[in-house]
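Novice: I'm passing along coords-v2.cif; it holds mmCIF, C-alpha atoms.
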data_model
loop_
_atom_site.group_PDB
_atom_site.id
_atom_site.type_symbol
_atom_site.label_atom_id
_atom_site.label_comp_id
_atom_site.auth_asym_id
_atom_site.auth_seq_id
_atom_site.Cartn_x
_atom_site.Cartn_y
_atom_site.Cartn_z
ATOM 1 C CA MET A 1 6.104 -24.879 -42.970
ATOM 2 C CA ALA A 2 2.773 -23.909 -41.402
ATOM 3 C CA ILE A 3 2.783 -22.106 -38.075
ATOM 4 C CA SER A 4 0.481 -23.453 -35.383
ATOM 5 C CA TRP A 5 -1.393 -20.865 -33.310
ATOM 6 C CA ARG A 6 -2.843 -23.387 -30.880
ATOM 7 C CA TYR A 7 -3.234 -22.290 -27.284
ATOM 8 C CA ASN A 8 -0.260 -23.144 -25.112
ATOM 9 C CA PRO A 9 -1.354 -23.560 -21.468
ATOM 10 C CA PHE A 10 2.252 -23.684 -20.270
ATOM 11 C CA GLY A 11 3.029 -20.361 -21.917
ATOM 12 C CA HIS A 12 -0.093 -18.874 -20.340
ATOM 13 C CA ARG A 13 0.922 -20.155 -16.908
ATOM 14 C CA ARG A 14 4.426 -18.763 -17.352
ATOM 15 C CA THR A 15 3.045 -15.329 -18.246
ATOM 16 C CA ALA A 16 0.643 -15.436 -15.288
ATOM 17 C CA ALA A 17 3.515 -16.355 -12.956
ATOM 18 C CA GLN A 18 5.631 -13.474 -14.292
ATOM 19 C CA LEU A 19 2.766 -11.025 -13.796
ATOM 20 C CA ASP A 20 2.256 -12.360 -10.265
ATOM 21 C CA LEU A 21 5.949 -11.778 -9.581
ATOM 22 C CA TRP A 22 5.783 -8.181 -10.803
ATOM 23 C CA GLN A 23 2.631 -7.632 -8.775
ATOM 24 C CA SER A 24 4.362 -8.947 -5.665
ATOM 25 C CA LEU A 25 7.500 -6.850 -6.225
ATOM 26 C CA SER A 26 5.585 -3.645 -6.903
ATOM 27 C CA GLY A 27 3.357 -4.249 -3.878
ATOM 28 C CA PHE A 28 6.345 -4.924 -1.637
ATOM 29 C CA LEU A 29 8.088 -1.735 -2.792
ATOM 30 C CA LEU A 30 4.921 0.276 -2.161
ATOM 31 C CA ALA A 31 4.545 -1.240 1.325
ATOM 32 C CA LEU A 32 8.143 -0.325 2.171
ATOM 33 C CA PHE A 33 7.600 3.207 0.888
ATOM 34 C CA LEU A 34 4.348 3.487 2.856
ATOM 35 C CA TRP A 35 5.984 2.550 6.152
ATOM 36 C CA PHE A 36 9.106 4.646 5.513
ATOM 37 C CA HIS A 37 6.948 7.625 4.513
ATOM 38 C CA LEU A 38 4.780 7.294 7.619
ATOM 39 C CA LEU A 39 7.821 7.177 9.897
ATOM 40 C CA LEU A 40 9.224 10.318 8.261
ATOM 41 C CA VAL A 41 5.930 12.185 8.655
ATOM 42 C CA ALA A 42 5.679 10.926 12.254
ATOM 43 C CA SER A 43 8.766 13.003 13.021
ATOM 44 C CA ILE A 44 6.217 15.700 13.915
ATOM 45 C CA LEU A 45 5.700 13.733 17.134
ATOM 46 C CA LEU A 46 9.213 14.829 18.115
ATOM 47 C CA GLY A 47 8.426 18.475 17.439
ATOM 48 C CA LYS A 48 8.213 20.962 14.590
ATOM 49 C CA GLU A 49 11.996 21.295 14.395
ATOM 50 C CA ALA A 50 12.416 17.549 13.882
ATOM 51 C CA MET A 51 9.955 17.443 10.991
ATOM 52 C CA THR A 52 11.422 20.585 9.444
ATOM 53 C CA TRP A 53 14.839 18.921 9.468
ATOM 54 C CA VAL A 54 13.430 15.707 7.946
ATOM 55 C CA ALA A 55 11.604 17.640 5.209
ATOM 56 C CA ALA A 56 14.687 19.697 4.407
ATOM 57 C CA THR A 57 16.844 16.572 4.257
ATOM 58 C CA MET A 58 14.408 14.836 1.908
ATOM 59 C CA GLU A 59 14.559 17.903 -0.356
ATOM 60 C CA GLY A 60 18.355 17.736 -0.445
ATOM 61 C CA ALA A 61 19.029 20.826 1.661
ATOM 62 C CA PHE A 62 22.532 19.521 2.405
ATOM 63 C CA LEU A 63 23.277 19.745 -1.344
ATOM 64 C CA SER A 64 21.909 23.264 -1.735
ATOM 65 C CA PRO A 65 24.330 26.226 -1.287
ATOM 66 C CA SER A 66 21.504 28.281 0.230
ATOM 67 C CA GLY A 67 20.349 25.414 2.442
ATOM 68 C CA GLU A 68 16.793 25.713 1.118
ATOM 69 C CA GLY A 69 16.869 22.402 -0.718
ATOM 70 C CA TYR A 70 15.095 21.344 -3.891
ATOM 71 C CA PRO A 71 11.339 20.777 -3.434
ATOM 72 C CA VAL A 72 11.245 19.311 -6.944
ATOM 73 C CA VAL A 73 12.711 16.144 -5.389
ATOM 74 C CA VAL A 74 9.374 15.597 -3.620
ATOM 75 C CA SER A 75 7.564 16.095 -6.940
ATOM 76 C CA LEU A 76 9.757 13.482 -8.607
ATOM 77 C CA ILE A 77 9.114 11.015 -5.781
ATOM 78 C CA ALA A 78 5.371 11.620 -6.195
ATOM 79 C CA VAL A 79 5.641 10.846 -9.930
ATOM 80 C CA VAL A 80 7.599 7.620 -9.347
ATOM 81 C CA VAL A 81 5.180 6.443 -6.651
ATOM 82 C CA SER A 82 2.204 7.283 -8.876
ATOM 83 C CA LEU A 83 3.613 5.161 -11.704
ATOM 84 C CA LEU A 84 4.311 2.309 -9.301
ATOM 85 C CA VAL A 85 0.745 2.524 -7.944
ATOM 86 C CA LEU A 86 -0.669 2.384 -11.484
ATOM 87 C CA VAL A 87 1.441 -0.652 -12.392
ATOM 88 C CA HIS A 88 0.526 -2.473 -9.189
ATOM 89 C CA ALA A 89 -3.175 -1.619 -9.547
ATOM 90 C CA ALA A 90 -3.269 -2.797 -13.167
ATOM 91 C CA LEU A 91 -1.661 -6.112 -12.214
ATOM 92 C CA ALA A 92 -3.841 -6.586 -9.132
ATOM 93 C CA MET A 93 -7.117 -5.893 -10.939
ATOM 94 C CA ARG A 94 -6.596 -9.087 -12.950
ATOM 95 C CA LYS A 95 -7.686 -10.954 -9.825
ATOM 96 C CA LEU A 96 -10.827 -8.945 -9.070
ATOM 97 C CA PRO A 97 -14.307 -10.132 -10.138
ATOM 98 C CA ALA A 98 -15.013 -8.712 -13.587
ATOM 99 C CA SER A 99 -18.778 -9.255 -13.519
ATOM 100 C CA TRP A 100 -21.704 -9.572 -11.135
ATOM 101 C CA GLN A 101 -21.741 -13.321 -11.756
ATOM 102 C CA GLN A 102 -18.108 -13.680 -10.702
ATOM 103 C CA TYR A 103 -18.753 -11.568 -7.622
ATOM 104 C CA ARG A 104 -21.713 -13.767 -6.682
ATOM 105 C CA GLN A 105 -19.581 -16.889 -7.129
ATOM 106 C CA LEU A 106 -16.925 -15.400 -4.872
ATOM 107 C CA ARG A 107 -19.546 -14.552 -2.239
ATOM 108 C CA GLU A 108 -20.982 -18.095 -2.345
ATOM 109 C CA TYR A 109 -17.488 -19.559 -2.090
ATOM 110 C CA ARG A 110 -16.770 -17.308 0.908
ATOM 111 C CA LYS A 111 -19.911 -18.577 2.649
ATOM 112 C CA LEU A 112 -19.043 -22.184 1.872
ATOM 113 C CA VAL A 113 -15.342 -22.051 2.791
ATOM 114 C CA ARG A 114 -14.669 -20.119 5.985
ATOM 115 C CA HIS A 115 -10.981 -19.651 5.241
ATOM 116 C CA ARG A 116 -9.169 -16.823 7.001
ATOM 117 C CA ASP A 117 -6.883 -16.027 4.093
ATOM 118 C CA THR A 118 -9.844 -15.729 1.711
ATOM 119 C CA GLY A 119 -11.440 -13.186 4.014
ATOM 120 C CA GLN A 120 -8.208 -11.227 4.155
ATOM 121 C CA TRP A 121 -7.946 -11.277 0.365
ATOM 122 C CA ILE A 122 -11.406 -9.686 0.223
ATOM 123 C CA ILE A 123 -10.313 -7.021 2.734
ATOM 124 C CA GLN A 124 -7.228 -6.377 0.653
ATOM 125 C CA ALA A 125 -9.299 -6.052 -2.516
ATOM 126 C CA VAL A 126 -11.710 -3.574 -0.894
ATOM 127 C CA THR A 127 -8.925 -1.487 0.669
ATOM 128 C CA GLY A 128 -7.088 -1.533 -2.664
ATOM 129 C CA VAL A 129 -10.072 0.083 -4.370
ATOM 130 C CA ILE A 130 -10.311 2.677 -1.579
ATOM 131 C CA ILE A 131 -6.609 3.496 -1.969
ATOM 132 C CA LEU A 132 -6.954 3.816 -5.739
ATOM 133 C CA VAL A 133 -9.766 6.344 -5.248
ATOM 134 C CA LEU A 134 -8.121 8.401 -2.488
ATOM 135 C CA VAL A 135 -4.386 8.330 -3.140
ATOM 136 C CA PRO A 136 -4.355 10.432 -6.373
ATOM 137 C CA ALA A 137 -5.398 13.569 -4.449
ATOM 138 C CA HIS A 138 -2.574 13.053 -1.948
ATOM 139 C CA LEU A 139 0.061 12.355 -4.608
ATOM 140 C CA PHE A 140 -1.079 15.298 -6.740
ATOM 141 C CA THR A 141 -0.714 17.606 -3.731
ATOM 142 C CA MET A 142 2.812 16.324 -3.139
ATOM 143 C CA PHE A 143 3.588 16.881 -6.827
ATOM 144 C CA ALA A 144 1.987 20.317 -7.197
ATOM 145 C CA VAL A 145 3.005 22.031 -3.936
ATOM 146 C CA PRO A 146 6.048 20.146 -2.596
ATOM 147 C CA GLU A 147 7.246 23.245 -0.741
ATOM 148 C CA THR A 148 4.346 22.847 1.723
ATOM 149 C CA ILE A 149 5.747 19.563 3.051
ATOM 150 C CA GLY A 150 6.477 20.644 6.592
ATOM 151 C CA PRO A 151 4.825 21.110 9.984
ATOM 152 C CA GLU A 152 3.002 24.358 9.182
ATOM 153 C CA GLY A 153 2.004 23.588 5.604
ATOM 154 C CA SER A 154 0.849 20.059 6.419
ATOM 155 C CA SER A 155 -1.128 21.228 9.457
ATOM 156 C CA GLN A 156 -2.918 23.936 7.466
ATOM 157 C CA ARG A 157 -3.713 21.484 4.682
ATOM 158 C CA ILE A 158 -5.154 18.967 7.131
ATOM 159 C CA VAL A 159 -7.204 21.457 9.173
ATOM 160 C CA ALA A 160 -8.020 24.439 6.954
ATOM 161 C CA GLY A 161 -8.174 22.310 3.819
ATOM 162 C CA ASP A 162 -10.104 19.511 5.560
ATOM 163 C CA PHE A 163 -7.618 16.968 4.229
ATOM 164 C CA TRP A 164 -8.084 14.908 7.401
ATOM 165 C CA VAL A 165 -11.241 13.585 5.697
ATOM 166 C CA LEU A 166 -8.939 12.147 3.031
ATOM 167 C CA TYR A 167 -5.997 11.100 5.207
ATOM 168 C CA LEU A 168 -7.926 9.192 7.880
ATOM 169 C CA PRO A 169 -9.560 6.576 5.614
ATOM 170 C CA LEU A 170 -6.416 6.477 3.452
ATOM 171 C CA LEU A 171 -4.307 5.698 6.523
ATOM 172 C CA LEU A 172 -6.567 2.842 7.633
ATOM 173 C CA ALA A 173 -6.955 1.374 4.139
ATOM 174 C CA ALA A 174 -3.263 1.645 3.241
ATOM 175 C CA GLU A 175 -1.970 0.096 6.469
ATOM 176 C CA LEU A 176 -4.408 -2.824 6.315
ATOM 177 C CA HIS A 177 -3.703 -3.340 2.621
ATOM 178 C CA GLY A 178 0.065 -3.214 3.040
ATOM 179 C CA ALA A 179 0.247 -5.546 6.041
ATOM 180 C CA ILE A 180 -2.115 -8.125 4.518
ATOM 181 C CA GLY A 181 -0.276 -7.866 1.217
ATOM 182 C CA CYS A 182 3.107 -8.602 2.799
ATOM 183 C CA TYR A 183 1.616 -11.531 4.699
ATOM 184 C CA ARG A 184 0.098 -12.993 1.541
ATOM 185 C CA LEU A 185 3.352 -12.364 -0.337
ATOM 186 C CA ALA A 186 5.305 -14.339 2.278
ATOM 187 C CA VAL A 187 2.819 -17.228 2.094
ATOM 188 C CA LYS A 188 2.496 -17.199 -1.699
ATOM 189 C CA TRP A 189 6.233 -17.315 -2.382
ATOM 190 C CA ASN A 190 7.056 -19.461 0.673
ATOM 191 C CA LEU A 191 9.578 -16.952 1.984
ATOM 192 C CA PHE A 192 9.755 -18.721 5.356
ATOM 193 C CA PRO A 193 9.990 -22.469 4.645
ATOM 194 C CA SER A 194 8.914 -24.628 7.556
ATOM 195 C CA ARG A 195 7.990 -28.201 8.373
ATOM 196 C CA ASP A 196 4.848 -26.836 9.992
ATOM 197 C CA PRO A 197 3.248 -24.409 7.500
ATOM 198 C CA ALA A 198 0.166 -23.920 9.694
ATOM 199 C CA SER A 199 2.299 -22.763 12.620
ATOM 200 C CA THR A 200 4.286 -20.449 10.339
ATOM 201 C CA ARG A 201 1.067 -18.898 9.062
ATOM 202 C CA ARG A 202 -0.135 -18.275 12.609
ATOM 203 C CA ARG A 203 3.129 -16.511 13.469
ATOM 204 C CA LEU A 204 2.932 -14.444 10.302
ATOM 205 C CA GLN A 205 -0.672 -13.552 11.134
ATOM 206 C CA ARG A 206 0.380 -12.301 14.558
ATOM 207 C CA LEU A 207 3.264 -10.343 13.031
ATOM 208 C CA LYS A 208 0.885 -8.816 10.482
ATOM 209 C CA LEU A 209 -1.478 -7.750 13.267
ATOM 210 C CA VAL A 210 1.361 -6.159 15.255
ATOM 211 C CA ILE A 211 2.704 -4.285 12.228
ATOM 212 C CA SER A 212 -0.661 -2.957 11.048
ATOM 213 C CA SER A 213 -1.725 -1.990 14.586
ATOM 214 C CA ALA A 214 1.578 -0.213 15.295
ATOM 215 C CA PHE A 215 1.553 1.825 12.091
ATOM 216 C CA ILE A 216 -2.136 2.712 12.405
ATOM 217 C CA LEU A 217 -1.465 3.944 15.956
ATOM 218 C CA ILE A 218 1.527 5.973 14.797
ATOM 219 C CA GLY A 219 -0.518 7.386 11.929
ATOM 220 C CA LEU A 220 -3.421 8.373 14.189
ATOM 221 C CA LEU A 221 -1.115 10.070 16.694
ATOM 222 C CA THR A 222 0.579 11.915 13.843
ATOM 223 C CA LEU A 223 -2.744 13.070 12.403
ATOM 224 C CA ILE A 224 -3.947 14.247 15.817
ATOM 225 C CA THR A 225 -0.699 16.177 16.312
ATOM 226 C CA PHE A 226 -1.114 17.958 12.960
ATOM 227 C CA ILE A 227 -4.709 18.839 13.871
ATOM 228 C CA ARG A 228 -3.611 20.287 17.216
ATOM 229 C CA ILE A 229 -0.939 22.398 15.497
ATOM 230 C CA GLY A 230 -3.362 23.548 12.815
ATOM 231 C CA MET A 231 -5.981 24.579 15.373
ATOM 232 C CA ALA A 232 -3.529 26.377 17.657
#
Is it possible to express this structure as structure tokens?

Specialist:
Amino acid sequence: MAISWRYNPFGHRRTAAQLDLWQSLSGFLLALFLWFHLLLVASILLGKEAMTWVAATMEGAFLSPSGEGYPVVVSLIAVVVSLLVLVHAALAMRKLPASWQQYRQLREYRKLVRHRDTGQWIIQAVTGVIILVLVPAHLFTMFAVPETIGPEGSSQRIVAGDFWVLYLPLLLAAELHGAIGCYRLAVKWNLFPSRDPASTRRRLQRLKLVISSAFILIGLLTLITFIRIGMA
């Protein structure tokens, strides 16, 4: 019996849907980690002692007989997050223009159709590229010198090491990317069914704006606090 190798559009659509699902799940996990990570780092706003306690807890100090913890835990987290970023980036890049012609078509479509979600997709694509360029340096630092995760070490890295040049654009790009991504995820998978989809989208847009603005503000205050400590 001969085997037919004809193209199966339904199989292709099923594979595309599965990849979209994995892209959504990986993006959602990264967004949760981003916000949780920022809140932990923002403990510096409560004082050096608060951040020292948070850092020690994350390193498992309560499991260490000496109370010093295990900095390798931070290294392992950096490895897991790096792998998740690579998976998400590989899945997301399927949607980006692969040639100048495709980019020009997208630009013409954007001019023709003034759709808010299309504009946000473009912002998400641009911020995604920025994150992919900047985040490896941050994750490598967390992997290589996890023992410096604390008020003094972080402040010196930001000021003396000029890492604020890295963290500032990374903060803005990551928060915009994460908030827009969660909004698009909710719309794409219809997580909030409604008889009035347009009204639901408007509410989600407002929620997205509140979330991104709040975390950017927290991030900026945190960065300023580290700079003040590092310059003291």

Novice: Which residues are near segment 25-37 of chain A? Cut-off 10 Å, all atoms listed in the file, ignore same chain within fewer than 6 positions. Put them as a VMD selection string.

Specialist: chain A and resid 19 81 84 to 89 91 to 92 171 174 to 175 177 to 179 181 to 182 185 211 to 212 215 219

Novice: Taking 6 positions as the minimum chain separation for residues in the same chain, which residues sit within 9 Å of segment 52-67 of chain A when counting only C-alpha atoms? Answer as a list in words.

Specialist: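 Using only C-alpha atoms, the neighbours found are Leu40, Val41, Ser43, Ile44, Val73, Val74, Ile149, Gly150 and Pro151 of chain A.
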
Novice: Write the residues of the preceding selection, restricted to C-alpha atoms, as a PDB file, in the coordinates of the input.

Specialist:
ATOM      1  CA  LEU A  40       9.224  10.318   8.261  1.00  0.00           C
ATOM      2  CA  VAL A  41       5.930  12.185   8.655  1.00  0.00           C
ATOM      3  CA  SER A  43       8.766  13.003  13.021  1.00  0.00           C
ATOM      4  CA  ILE A  44       6.217  15.700  13.915  1.00  0.00           C
ATOM      5  CA  VAL A  73      12.711  16.144  -5.389  1.00  0.00           C
ATOM      6  CA  VAL A  74       9.374  15.597  -3.620  1.00  0.00           C
ATOM      7  CA  ILE A 149       5.747  19.563   3.051  1.00  0.00           C
ATOM      8  CA  GLY A 150       6.477  20.644   6.592  1.00  0.00           C
ATOM      9  CA  PRO A 151       4.825  21.110   9.984  1.00  0.00           C
TER      10      PRO A 151
END

Novice: Using all atoms listed in the file, determine which residues lie at most 12 Å from Pro97 of chain A, disregarding the query and same-chain residues fewer than 5 positions distant; provide the list as JSON, numbers by chain.

Specialist: {"A": [92, 102, 103, 104, 105, 106, 107, 122, 125, 126]}

Novice: Which is closer to Gln124 of chain A than all the others in A:Ile216, A:Leu39, A:Ile180, A:Met142, using all atoms listed in the file?

Specialist: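 Closest to Gln124 of chain A, using all atoms listed in the file: A:Ile180.
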
Novice: Enclose all atoms of segment 26-42 of chain A listed in the file in an axis-aligned box, grow every side by 8 Å, and hand back centre and edge lengths in Å to one decimal, as JSON.

Specialist:
{"center_x": 6.3, "center_y": 3.6, "center_z": 2.7, "size_x": 21.9, "size_y": 33.1, "size_z": 35.2}

Novice: Using Å and a single decimal, report how far atom CA of Thr127 of chain A sits from atom CA of Arg202 of chain A.

Specialist: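 These atoms are spaced 22.4 Å apart.
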
Novice: Apply the PyMOL selection byres ((chain A and resi 226) around 12) to the file shown and report the selected residues as an MDAnalysis selection string.

Specialist: chainID A and resid 41:48 51 150:160 162:164 167 219:225 227:232

Novice: For each of A:Leu191, A:Leu112, A:Ala98, A:Leu170, take the minimum atom-to-atom distance to Pro136 of chain A, counting all atoms listed in the file, then give the residue where this is smallest.

Specialist: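 Of the candidates, the smallest distance to Pro136 of chain A is held by A:Leu170.
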
Novice: Calculate how many Å separate atom CA of Trp121 of chain A from atom CA of Ser82 of chain A, rounding to one decimal.

Specialist: 23.1 Å

Novice: Rounded to one decimal in Å, what is the spacing between atom CA of Ile218 of chain A and atom CA of Pro169 of chain A?

Specialist: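 Computing the Euclidean distance for atom CA of Ile218 of chain A and atom CA of Pro169 of chain A yields 14.4 Å.
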
Novice: Between A:Ser194, A:Gln23, A:Gln205, A:Thr15, which has the minimum distance to Ala90 of chain A (counting only C-alpha atoms)?

Specialist: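 Answer, going by the shortest atom-to-atom distance: A:Gln23.
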
Novice: Between A:Leu204, A:Gly161, A:Leu166, A:Lys188, which is the closest to Asp20 of chain A once you count only C-alpha atoms?

Specialist: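 Residue with the minimum atom-to-atom distance to Asp20 of chain A: A:Lys188.
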
Novice: How would segment 149-167 of chain A of the given structure read as a file with N, CA and C atoms, as a compact mmCIF listing (two decimals), in the first residue's frame?

Specialist:
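As a result, part-v8.txt now contains:
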# COMPACT_ATOMS: atom_id res chain seq x y z
N ILE A 149 23.76 38.96 45.22
CA ILE A 149 22.35 39.36 45.21
C ILE A 149 22.00 39.88 46.60
N GLY A 150 22.05 41.16 46.77
CA GLY A 150 21.78 41.78 48.05
C GLY A 150 21.88 43.28 47.89
N PRO A 151 21.60 44.03 48.94
CA PRO A 151 21.59 45.50 48.83
C PRO A 151 22.94 46.08 48.43
N GLU A 152 24.02 45.61 49.05
CA GLU A 152 25.34 46.19 48.77
C GLU A 152 25.85 45.74 47.40
N GLY A 153 25.79 44.44 47.15
CA GLY A 153 26.29 43.92 45.88
C GLY A 153 25.53 44.47 44.69
N SER A 154 24.20 44.53 44.80
CA SER A 154 23.38 45.05 43.71
C SER A 154 23.64 46.53 43.48
N SER A 155 23.79 47.29 44.57
CA SER A 155 24.04 48.73 44.43
C SER A 155 25.38 48.99 43.75
N GLN A 156 26.42 48.24 44.15
CA GLN A 156 27.73 48.42 43.53
C GLN A 156 27.70 48.03 42.05
N ARG A 157 26.98 46.98 41.74
CA ARG A 157 26.88 46.55 40.34
C ARG A 157 26.18 47.61 39.50
N ILE A 158 25.14 48.21 40.04
CA ILE A 158 24.37 49.21 39.30
C ILE A 158 25.13 50.51 39.12
N VAL A 159 25.85 50.94 40.17
CA VAL A 159 26.55 52.23 40.13
C VAL A 159 27.97 52.07 39.60
N ALA A 160 28.79 51.31 40.33
CA ALA A 160 30.20 51.16 39.93
C ALA A 160 30.33 50.41 38.62
N GLY A 161 29.46 49.43 38.41
CA GLY A 161 29.51 48.65 37.18
C GLY A 161 28.68 49.22 36.05
N ASP A 162 28.02 50.35 36.31
CA ASP A 162 27.19 51.02 35.30
C ASP A 162 26.09 50.12 34.74
N PHE A 163 25.61 49.20 35.57
CA PHE A 163 24.56 48.29 35.10
C PHE A 163 23.20 49.00 34.98
N TRP A 164 23.09 50.22 35.49
CA TRP A 164 21.84 50.95 35.34
C TRP A 164 21.54 51.19 33.85
N VAL A 165 22.60 51.28 33.05
CA VAL A 165 22.44 51.45 31.60
C VAL A 165 21.73 50.24 30.99
N LEU A 166 21.95 49.08 31.59
CA LEU A 166 21.29 47.85 31.15
C LEU A 166 19.91 47.72 31.76
N TYR A 167 19.80 47.98 33.08
CA TYR A 167 18.56 47.70 33.79
C TYR A 167 17.42 48.66 33.43
